[in-house]
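Participant: My structure is below; once you've seen it, I'll send some questions.
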Amino acid sequence: MAERRIVSVIFADVVGFTTLSESMDPEDVATIQDAYFAAVRDVLERYGGVLEKFIGDAAVAVFGIPRTRDDDAERAVRAALALHRSVATLGAQLGLEPGTLALRVGVNTGEVAHTPEQGGSGRVTGDTVNVAARLESAAEPGRVLLGPDTALAVAAAFDLEPAGVLELKGKAEGLRAHVVRAERPEPSREAALGRLRAPTIGREAELARLDDEVEAAAAAGRLVVVVARPGVGK
């Protein structure tokens with residue numbers, strides 16, 4: 001049964017792989033593909049993402065399943081940057097000219113329908129995935145292009161540059177996107193998140209009640225548990 005989850009989706013595609021394949025023997029193409037697939041899996045595993053599938057030489061990865069983390073969007077962007085570095089290194093190891101093996105990457109955050117599957121992570125569907133694919137298509141080679149919710153979530157941890165409002169295929173309205181320029185040199189994730197200040201709107205009564213409950217619980221040696229759907233920001 002499908003469940004709604006808040007996830008960050010990476011869509012990464014090799015630039016000009018069809019053209020590259022035309023000038024190579026099939027065995028060489030297979031060698032490059034196998035090495036590329038292995039490099040992608042290694043990066044995703046390192047940053048806690050799940051490889052949803054390969055579509056030709058494109059990779060679709062999800063952060064937020066099977067469990068949600070409060071830094072899923074940040075992990076996804078760090079993984080996207082690491083994918084660029086890994087593929088560039090792979091190209092050099094394979095003796096290819098610099099820039100021959102390059103990626104375009106889109107990252108988008110939002111709600112999806114997640115259908116768990118026995119023996120695997122399952123599949124995710126929804127507009128969030130489609131937009132990640134459109135962002136990848138609009139990205140320049142070697143760049144990571146972010147959707148608006150991803151950009152908001154990671155703005156304290158990365159230097160971002162506005163990419164304007166993009167008219168994406170199949171979308172009724174333009175989408176405001178950002179390009180990742182660099183990671184911020186923060187000593188810790190907590191310090192980076194310290195820059196992000198946002199008011200809680202319309203929840204004053206709930207926050208006041210929670211403050212009272214926490215104070216009473218501390219005095220009585222009890223715990224306060226906040227329960228809500230995964231990904232809403234408990």
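Labels used: A, B, ... for chains in the order of the structure tokens, numbers from 1 for residues in each chain, and numbers from 1 for ligands as shown.
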With a distance cut-off of 9 Å and only C-alpha atoms, select the neighbouring residues of Val43 (chain A), excluding the residue or stretch itself and same-chain residues fewer than 6 positions from it, and output the selection as a list in words.

Facilitator: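 Everything that qualifies: Gly49, Ala79, Ala80, Ala82, Leu83 and Ser86 of chain A.
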
Participant: Mind writing the picked residues with N, CA and C atoms as a PDB file, in the first residue's frame?

Facilitator:
```
ATOM      1  N   GLY A  49      21.578   7.664   0.726  1.00  0.00           N
ATOM      2  CA  GLY A  49      20.483   7.663  -0.239  1.00  0.00           C
ATOM      3  C   GLY A  49      20.160   6.261  -0.731  1.00  0.00           C
ATOM      4  N   ALA A  79      25.438  14.634  -1.906  1.00  0.00           N
ATOM      5  CA  ALA A  79      25.625  13.480  -2.784  1.00  0.00           C
ATOM      6  C   ALA A  79      25.703  13.918  -4.241  1.00  0.00           C
ATOM      7  N   ALA A  80      24.880  14.884  -4.626  1.00  0.00           N
ATOM      8  CA  ALA A  80      24.894  15.367  -6.006  1.00  0.00           C
ATOM      9  C   ALA A  80      26.255  15.967  -6.365  1.00  0.00           C
ATOM     10  N   ALA A  82      29.058  15.240  -4.876  1.00  0.00           N
ATOM     11  CA  ALA A  82      30.008  14.123  -4.864  1.00  0.00           C
ATOM     12  C   ALA A  82      29.911  13.306  -6.152  1.00  0.00           C
ATOM     13  N   LEU A  83      28.714  13.190  -6.725  1.00  0.00           N
ATOM     14  CA  LEU A  83      28.562  12.476  -7.988  1.00  0.00           C
ATOM     15  C   LEU A  83      29.380  13.151  -9.088  1.00  0.00           C
ATOM     16  N   SER A  86      33.014  12.313  -8.449  1.00  0.00           N
ATOM     17  CA  SER A  86      33.289  10.898  -8.689  1.00  0.00           C
ATOM     18  C   SER A  86      33.346  10.590 -10.178  1.00  0.00           C
TER      19      SER A  86
END
```

Participant: Residues within 7 Å of Ala2 (chain A), please, as JSON, numbers by chain. Count only C-alpha atoms; anything in the same chain fewer than 6 positions from it doesn't count.

Facilitator: {"A": [113, 114, 115]}

Participant: Take the residues that were just selected and, keeping N, CA, C and O atoms, output them as a JSON list (two decimals), in the first residue's frame.

Facilitator:
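Ended up saving to again26.json:
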```
[["chain", "number", "residue", "atom", "x", "y", "z"],
["A", 113, "ALA", "N", 4.32, 9.54, -3.39],
["A", 113, "ALA", "CA", 3.69, 8.30, -2.94],
["A", 113, "ALA", "C", 4.75, 7.21, -2.98],
["A", 113, "ALA", "O", 5.33, 6.95, -4.04],
["A", 114, "HIS", "N", 5.02, 6.62, -1.83],
["A", 114, "HIS", "CA", 6.04, 5.57, -1.74],
["A", 114, "HIS", "C", 5.36, 4.23, -1.58],
["A", 114, "HIS", "O", 4.57, 4.02, -0.65],
["A", 115, "THR", "N", 5.65, 3.32, -2.50],
["A", 115, "THR", "CA", 5.10, 1.97, -2.43],
["A", 115, "THR", "C", 6.22, 1.00, -2.06],
["A", 115, "THR", "O", 7.08, 0.71, -2.89]]
```

Participant: Find the residue from A:Val180, A:Glu173, A:Leu20, A:Met1 that sits nearest to Leu96 (chain A); use only C-alpha atoms when measuring.

Facilitator: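 Smallest separation from Leu96 (chain A) among the options: A:Leu20.
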
Participant: In terms of the shortest atom-to-atom distance over only C-alpha atoms, which of A:Ala132, A:Ala38, A:Leu168, A:Ile32 is closest to Gly110 (chain A)?

Facilitator: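 The answer is A:Ala132, which sits nearest to Gly110 (chain A).
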
Participant: For the strand (DSSP E) assignment from backbone DSSP, which residues of region 10-232 of chain A qualify? Please present them as a PyMOL selection string.

Facilitator: chain A and resi 10-14+50-55+58-63+103-117+120-125+144-146+158-166+175-183

Participant: Would you pick out the contacts of Pro66 (chain A) at 12 Å or less, using only C-alpha atoms, so that residues sharing its chain but fewer than 5 positions from it are not included, and give the list as JSON, numbers by chain?

Facilitator: {"A": [3, 4, 5, 6, 7, 48, 49, 50, 51, 52, 72, 114, 115, 116, 117, 120, 121, 122, 123, 124, 230]}

Participant: So the first atom is CA of Leu146 (chain A) and the second is CA of Gly99 (chain A); what is the distance between them in Å, to one decimal place?

Facilitator: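 These two atoms are separated by 22.1 Å.
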
Participant: Go through A:Thr31, A:Thr100, A:Ser8, A:Thr150 and flag the residue nearest Ile65 (chain A), using only C-alpha atoms for the distances.

Facilitator: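 Of all the options, A:Ser8 lies closest to Ile65 (chain A).
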
Participant: Please run DSSP on the backbone and report, as a PyMOL selection string, all residues within chain A that come out as alpha helix (DSSP H).

Facilitator: chain A and resi 17-22+26-47+72-93+127-138+148-154+189-193+204-220
